[in-house]
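A.B. asks: Input work-v2.tsv, format and content: TSV, C-alpha atoms.
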```tsv
chain	number	residue	atom	x	y	z
O	1	MET	CA	15.20	35.48	-35.42
O	2	PHE	CA	13.36	32.49	-36.89
O	3	ASP	CA	13.12	29.00	-35.35
O	4	LEU	CA	13.33	26.67	-38.35
O	5	ALA	CA	12.95	23.54	-36.19
O	6	VAL	CA	9.62	24.73	-34.76
O	7	PHE	CA	8.43	25.73	-38.22
O	8	GLY	CA	9.36	22.37	-39.75
O	9	SER	CA	7.84	20.36	-36.91
O	10	LEU	CA	4.47	22.13	-36.94
O	11	PHE	CA	4.29	22.34	-40.74
O	12	LEU	CA	4.89	18.60	-41.12
O	13	THR	CA	2.41	17.82	-38.34
O	14	LEU	CA	-0.31	19.94	-39.95
O	15	PHE	CA	0.54	18.56	-43.41
O	16	VAL	CA	-0.06	15.01	-42.18
O	17	ILE	CA	-3.25	15.93	-40.29
O	18	MET	CA	-4.81	18.26	-42.89
O	19	ASP	CA	-3.52	16.04	-45.73
O	20	PRO	CA	-3.57	18.28	-48.86
O	21	PRO	CA	-3.24	15.33	-51.31
O	22	GLY	CA	-6.00	13.41	-49.53
O	23	ILE	CA	-8.38	16.37	-49.55
O	24	THR	CA	-8.23	16.58	-53.36
O	25	PRO	CA	-10.76	13.83	-54.23
O	26	ILE	CA	-13.13	15.04	-51.51
O	27	PHE	CA	-12.90	18.61	-52.79
O	28	LEU	CA	-13.52	17.42	-56.35
O	29	ALA	CA	-16.54	15.40	-55.22
O	30	LEU	CA	-18.08	18.31	-53.30
O	31	THR	CA	-17.51	20.85	-56.08
O	32	SER	CA	-18.36	18.74	-59.14
O	33	GLY	CA	-20.95	20.17	-61.51
O	34	ARG	CA	-20.36	23.75	-60.47
O	35	PRO	CA	-18.88	26.51	-62.65
O	36	ALA	CA	-15.09	26.89	-62.47
O	37	ARG	CA	-15.49	30.35	-60.94
O	38	VAL	CA	-17.61	28.94	-58.12
O	39	GLN	CA	-15.19	26.06	-57.54
O	40	LYS	CA	-12.26	28.47	-57.23
O	41	ARG	CA	-14.25	30.60	-54.80
O	42	MET	CA	-15.10	27.53	-52.71
O	43	ALA	CA	-11.42	26.58	-52.50
O	44	PHE	CA	-10.57	30.08	-51.27
O	45	GLN	CA	-13.50	30.16	-48.83
O	46	ALA	CA	-12.60	26.78	-47.36
O	47	VAL	CA	-9.00	27.83	-46.75
O	48	CYS	CA	-10.10	31.17	-45.24
O	49	VAL	CA	-12.57	29.44	-42.91
O	50	ALA	CA	-9.99	26.87	-41.84
O	51	GLY	CA	-7.37	29.56	-41.33
O	52	GLY	CA	-9.76	31.69	-39.29
O	53	VAL	CA	-10.77	28.79	-37.04
O	54	ILE	CA	-7.16	27.68	-36.56
O	55	THR	CA	-6.10	31.25	-35.72
O	56	VAL	CA	-8.88	31.74	-33.18
O	57	PHE	CA	-8.13	28.45	-31.44
O	58	GLY	CA	-4.40	29.17	-31.57
O	59	LEU	CA	-4.98	32.41	-29.69
O	60	LEU	CA	-7.91	31.44	-27.45
O	61	GLY	CA	-8.20	27.66	-27.71
O	62	HIS	CA	-8.00	26.66	-24.05
O	63	GLN	CA	-10.23	29.51	-22.93
O	64	ILE	CA	-12.91	28.59	-25.49
O	65	LEU	CA	-12.93	24.87	-24.63
O	66	ASN	CA	-12.91	25.56	-20.89
O	67	TYR	CA	-15.69	28.13	-21.15
O	68	LEU	CA	-17.90	25.73	-23.11
O	69	HIS	CA	-16.87	22.79	-20.88
O	70	VAL	CA	-15.96	20.84	-24.02
O	71	SER	CA	-13.20	18.24	-23.97
O	72	VAL	CA	-10.95	17.41	-26.91
O	73	PRO	CA	-12.42	13.86	-27.23
O	74	ALA	CA	-15.93	15.36	-27.43
O	75	LEU	CA	-14.70	17.66	-30.19
O	76	MET	CA	-13.28	14.66	-32.05
O	77	ILE	CA	-16.49	12.61	-31.76
O	78	ALA	CA	-18.67	15.53	-32.90
O	79	GLY	CA	-16.39	16.16	-35.87
O	80	GLY	CA	-16.45	12.47	-36.78
O	81	LEU	CA	-20.26	12.33	-36.73
O	82	LEU	CA	-20.45	15.42	-38.94
O	83	LEU	CA	-18.01	13.90	-41.44
O	84	LEU	CA	-19.97	10.65	-41.44
O	85	LEU	CA	-23.16	12.46	-42.48
O	86	ILE	CA	-21.33	14.14	-45.37
O	87	ALA	CA	-19.76	10.81	-46.38
O	88	LEU	CA	-23.19	9.16	-46.57
O	89	ASP	CA	-24.39	11.95	-48.87
O	90	LEU	CA	-21.41	11.39	-51.16
O	91	LEU	CA	-21.95	7.62	-51.22
O	92	THR	CA	-25.66	7.92	-52.03
O	93	GLY	CA	-25.21	10.69	-54.60
O	94	LYS	CA	-27.27	13.31	-52.77
O	95	THR	CA	-24.70	16.00	-53.56
O	96	ASP	CA	-24.97	15.48	-57.33
O	97	GLU	CA	-27.41	18.34	-57.87
O	98	PRO	CA	-25.64	21.58	-57.01
O	99	LYS	CA	-27.56	24.42	-55.44
O	100	GLN	CA	-26.38	27.95	-54.84
O	101	THR	CA	-26.75	27.56	-51.08
O	102	LYS	CA	-24.68	24.39	-51.17
O	103	ASP	CA	-21.80	26.25	-52.82
O	104	VAL	CA	-21.24	28.23	-49.64
O	105	ASN	CA	-22.13	25.43	-47.22
O	106	ALA	CA	-19.70	22.93	-48.73
O	107	ALA	CA	-16.88	25.46	-48.42
O	108	LEU	CA	-17.72	26.04	-44.78
O	109	VAL	CA	-18.83	22.51	-43.84
O	110	PRO	CA	-17.27	20.01	-44.34
O	111	LEU	CA	-14.28	21.52	-46.22
O	112	GLY	CA	-13.35	24.35	-43.85
O	113	ILE	CA	-14.63	22.57	-40.75
O	114	PRO	CA	-13.95	19.80	-39.81
O	115	LEU	CA	-11.93	18.42	-42.75
O	116	LEU	CA	-9.24	21.11	-42.72
O	117	ALA	CA	-9.69	22.74	-39.31
O	118	GLY	CA	-10.51	19.52	-37.49
O	119	PRO	CA	-9.84	18.50	-33.90
O	120	GLY	CA	-6.36	17.18	-34.71
O	121	ALA	CA	-5.22	20.41	-36.35
O	122	ILE	CA	-6.82	22.55	-33.64
O	123	VAL	CA	-5.17	20.63	-30.80
O	124	SER	CA	-1.78	20.64	-32.57
O	125	VAL	CA	-1.91	24.42	-32.99
O	126	ILE	CA	-3.03	25.02	-29.40
O	127	LEU	CA	-0.10	22.96	-28.09
O	128	ALA	CA	2.40	24.54	-30.51
O	129	VAL	CA	1.41	28.07	-29.48
O	130	GLN	CA	1.67	27.13	-25.81
O	131	LYS	CA	5.13	25.57	-26.20
O	132	ALA	CA	6.55	28.38	-28.36
O	133	ASP	CA	8.80	30.46	-26.11
O	134	GLY	CA	10.01	33.76	-27.47
O	135	VAL	CA	9.32	35.84	-30.55
O	136	ALA	CA	11.31	33.57	-32.91
O	137	ALA	CA	9.32	30.47	-31.95
O	138	GLN	CA	5.99	32.30	-32.15
O	139	MET	CA	6.89	33.65	-35.60
O	140	ALA	CA	7.78	30.12	-36.71
O	141	VAL	CA	4.45	28.74	-35.45
O	142	TRP	CA	2.31	31.32	-37.25
O	143	THR	CA	4.43	31.13	-40.40
O	144	ALA	CA	3.92	27.35	-40.46
O	145	ILE	CA	0.15	27.84	-40.08
O	146	LEU	CA	0.13	30.34	-42.96
O	147	ALA	CA	2.33	28.11	-45.13
O	148	ILE	CA	0.12	25.00	-44.79
O	149	HIS	CA	-2.97	27.02	-45.71
O	150	VAL	CA	-1.23	28.35	-48.81
O	151	VAL	CA	-0.36	24.77	-49.76
O	152	LEU	CA	-3.98	23.70	-49.22
O	153	TRP	CA	-5.28	26.51	-51.42
O	154	VAL	CA	-2.82	25.73	-54.23
O	155	VAL	CA	-3.68	22.00	-54.15
O	156	MET	CA	-7.45	22.57	-54.23
O	157	ARG	CA	-7.22	25.42	-56.75
O	158	TYR	CA	-5.28	23.37	-59.28
O	159	SER	CA	-7.04	20.07	-58.58
O	160	LEU	CA	-9.87	21.51	-60.69
O	161	LEU	CA	-7.76	20.67	-63.75
O	162	ILE	CA	-8.35	17.01	-62.92
O	163	ILE	CA	-12.10	17.44	-63.55
O	164	ARG	CA	-11.42	18.49	-67.13
O	165	VAL	CA	-9.49	15.25	-67.69
O	166	ILE	CA	-11.72	12.68	-65.96
O	167	LYS	CA	-15.06	14.10	-67.26
O	168	ASP	CA	-18.50	13.34	-65.72
O	169	GLY	CA	-18.03	9.58	-65.36
O	170	GLY	CA	-14.77	10.05	-63.55
O	171	VAL	CA	-16.31	12.63	-61.25
O	172	VAL	CA	-19.00	10.12	-60.20
O	173	LEU	CA	-16.31	7.53	-59.47
O	174	VAL	CA	-14.23	10.06	-57.51
O	175	THR	CA	-17.33	11.07	-55.55
O	176	ARG	CA	-18.04	7.50	-54.46
O	177	LEU	CA	-14.37	6.87	-53.57
O	178	ALA	CA	-14.28	10.13	-51.63
O	179	GLY	CA	-17.38	9.03	-49.72
O	180	MET	CA	-15.68	5.78	-48.75
O	181	MET	CA	-12.49	7.57	-47.68
O	182	LEU	CA	-14.40	10.19	-45.74
O	183	SER	CA	-16.52	7.58	-43.94
O	184	ALA	CA	-13.34	5.75	-42.87
O	185	ILE	CA	-11.80	9.01	-41.63
O	186	ALA	CA	-15.01	9.82	-39.74
O	187	VAL	CA	-15.22	6.41	-38.05
O	188	GLN	CA	-11.53	6.55	-37.08
O	189	GLN	CA	-12.01	10.01	-35.59
O	190	ILE	CA	-14.98	8.76	-33.54
O	191	ILE	CA	-12.96	5.73	-32.38
O	192	ASN	CA	-10.07	8.00	-31.33
O	193	GLY	CA	-12.43	10.22	-29.38
O	194	VAL	CA	-14.14	7.31	-27.62
O	195	THR	CA	-10.74	5.73	-26.83
O	196	GLN	CA	-9.55	8.94	-25.20
O	197	VAL	CA	-12.74	9.14	-23.14
O	198	ILE	CA	-12.26	5.56	-21.91
O	199	GLN	CA	-8.58	6.11	-21.14
O	200	SER	CA	-9.27	9.28	-19.16
O	201	SER	CA	-12.07	7.72	-17.08
```
Please express the file's structure as structure tokens.
C.D. replies:
Amino acid sequence: MFDLAVFGSLFLTLFVIMDPPGITPIFLALTSGRPARVQKRMAFQAVCVAGGVITVFGLLGHQILNYLHVSVPALMIAGGLLLLLIALDLLTGKTDEPKQTKDVNAALVPLGIPLLAGPGAIVSVILAVQKADGVAAQMAVWTAILAIHVVLWVVMRYSLLIIRVIKDGGVVLVTRLAGMMLSAIAVQQIINGVTQVIQSS
């Protein structure tokens, strides 16, 4: 009744793409200076947003992209540009002063989209849902999606303990490192999108 191979394949794919360990320093950088209650809420919001987007695209992905006349490479390039803007803010320290509106925005963008529910994760889910034949395979696909989001929430929720250890100076260092990492991820995503455009033309 349950296809373990499909579950394992999609879970590992999403784990590599969504990268729970790699998201930790970025999450810490974006939530630094905020009360613990707000940080926990942001972790939950980010996972809910990512899960909602992934679910919608899993069910209606092809229809949405076709209706908007948007290609996957275009989605990748747009996501990369958005990440690059956030990375520049982290590198220049513009996110150091928390505002109440930023608490929600950071959970939605860039944490929920496109860091967690990015083009890679969206495309992987669309393909997995399409290839899943039968109830057992479909159950495995959606269980894998749920499982990776639980893992993401646990990692971000308990990464807040790191802030208590590294203090303010460490947070600044983590913020700058996160900006560098995020800028590299953004540029690579743009390169991948442009490469796919060139290859398809």
A.B. asks: Can you measure atom CA of O:Ala5 to atom CA of O:Leu146 for me? One decimal in Å is fine.
C.D. replies: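 Here the two named atoms are 16.0 Å from each other.
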A.B. asks: Please indicate the distance in Å from atom CA of O:Leu91 to atom CA of O:Gly118, rounded to one decimal place.
C.D. replies: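 Distance reported for this atom pair: 21.5 Å.
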A.B. asks: Could you please determine the separation between atom CA of O:Ser124 and atom CA of O:Leu108 in Å, to one decimal place?
C.D. replies: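 We find that atom CA of O:Ser124 and atom CA of O:Leu108 lie 20.8 Å from each other.
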A.B. asks: My list of candidates is O:Gly79, O:Gly120, O:Pro73, O:Pro21. Which is closest to O:Ile54 when distances are computed with all atoms listed in the file?
C.D. replies: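 Distance minimum relative to O:Ile54 lands on O:Gly120.
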A.B. asks: Write out as a list in words each polymer residue whose atoms come within 12 Å of O:Phe7, counting only C-alpha atoms; drop sequence neighbours fewer than 5 positions from it.
C.D. replies: Phe2, Leu12, Thr13, Leu14, Phe15, Val125, Ala128, Val129, Ala132, Ala136, Ala137, Gln138, Met139, Ala140, Val141, Trp142, Thr143, Ala144, Ile145, Leu146, Ala147 and Ile148 of chain O
A.B. asks: Could the residues of stretch 94-169 of chain O that have an atom at most 12 Å from stretch 181-195 of chain O be listed as JSON lines, each with its closest atom pair and the distance in Å to one decimal, counting all atoms listed in the file and ordered by chain and ascending residue number?
C.D. replies:
```
{"residue": "O:Pro110", "atom": "CA", "partner": "O:Leu182", "partner_atom": "CA", "distance": 10.3}
{"residue": "O:Leu111", "atom": "CA", "partner": "O:Leu182", "partner_atom": "CA", "distance": 11.3}
{"residue": "O:Pro114", "atom": "CA", "partner": "O:Ala186", "partner_atom": "CA", "distance": 10.0}
{"residue": "O:Leu115", "atom": "CA", "partner": "O:Leu182", "partner_atom": "CA", "distance": 9.1}
{"residue": "O:Gly118", "atom": "CA", "partner": "O:Gln189", "partner_atom": "CA", "distance": 9.8}
{"residue": "O:Pro119", "atom": "CA", "partner": "O:Gln189", "partner_atom": "CA", "distance": 8.9}
{"residue": "O:Gly120", "atom": "CA", "partner": "O:Gln189", "partner_atom": "CA", "distance": 9.2}
```
A.B. asks: Give me the residues near O:Phe27 as a list of chain:residue names, where near means some atom within 10 Å (using only C-alpha atoms) and where sequence neighbours in that chain fewer than 3 positions away do not count.
C.D. replies: O:Gly22, O:Ile23, O:Thr24, O:Leu30, O:Thr31, O:Ser32, O:Gln39, O:Met42, O:Ala43, O:Ala46, O:Ala106, O:Ala107, O:Pro110, O:Leu111, O:Val155, O:Met156, O:Arg157, O:Ser159, O:Leu160, O:Val174, O:Thr175, O:Ala178
A.B. asks: Point out the residue among O:Ile122, O:Gln199, O:Asp89, O:Val56 with the least atom-to-atom distance to O:Leu10, counting only C-alpha atoms.
C.D. replies: O:Ile122
A.B. asks: For O:Gly112, list every protein, DNA or RNA residue within 7 Å, evaluated using only C-alpha atoms, and leave out those in the same chain fewer than 6 positions away; present the list as a compact mmCIF listing (two decimals) with C-alpha atoms, keeping the file's coordinate frame.
C.D. replies:
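Output (part_6.txt):
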```
# COMPACT_ATOMS: atom_id res chain seq x y z
CA ALA O 46 -12.60 26.78 -47.36
CA VAL O 47 -9.00 27.83 -46.75
CA VAL O 49 -12.57 29.44 -42.91
CA ALA O 50 -9.99 26.87 -41.84
```
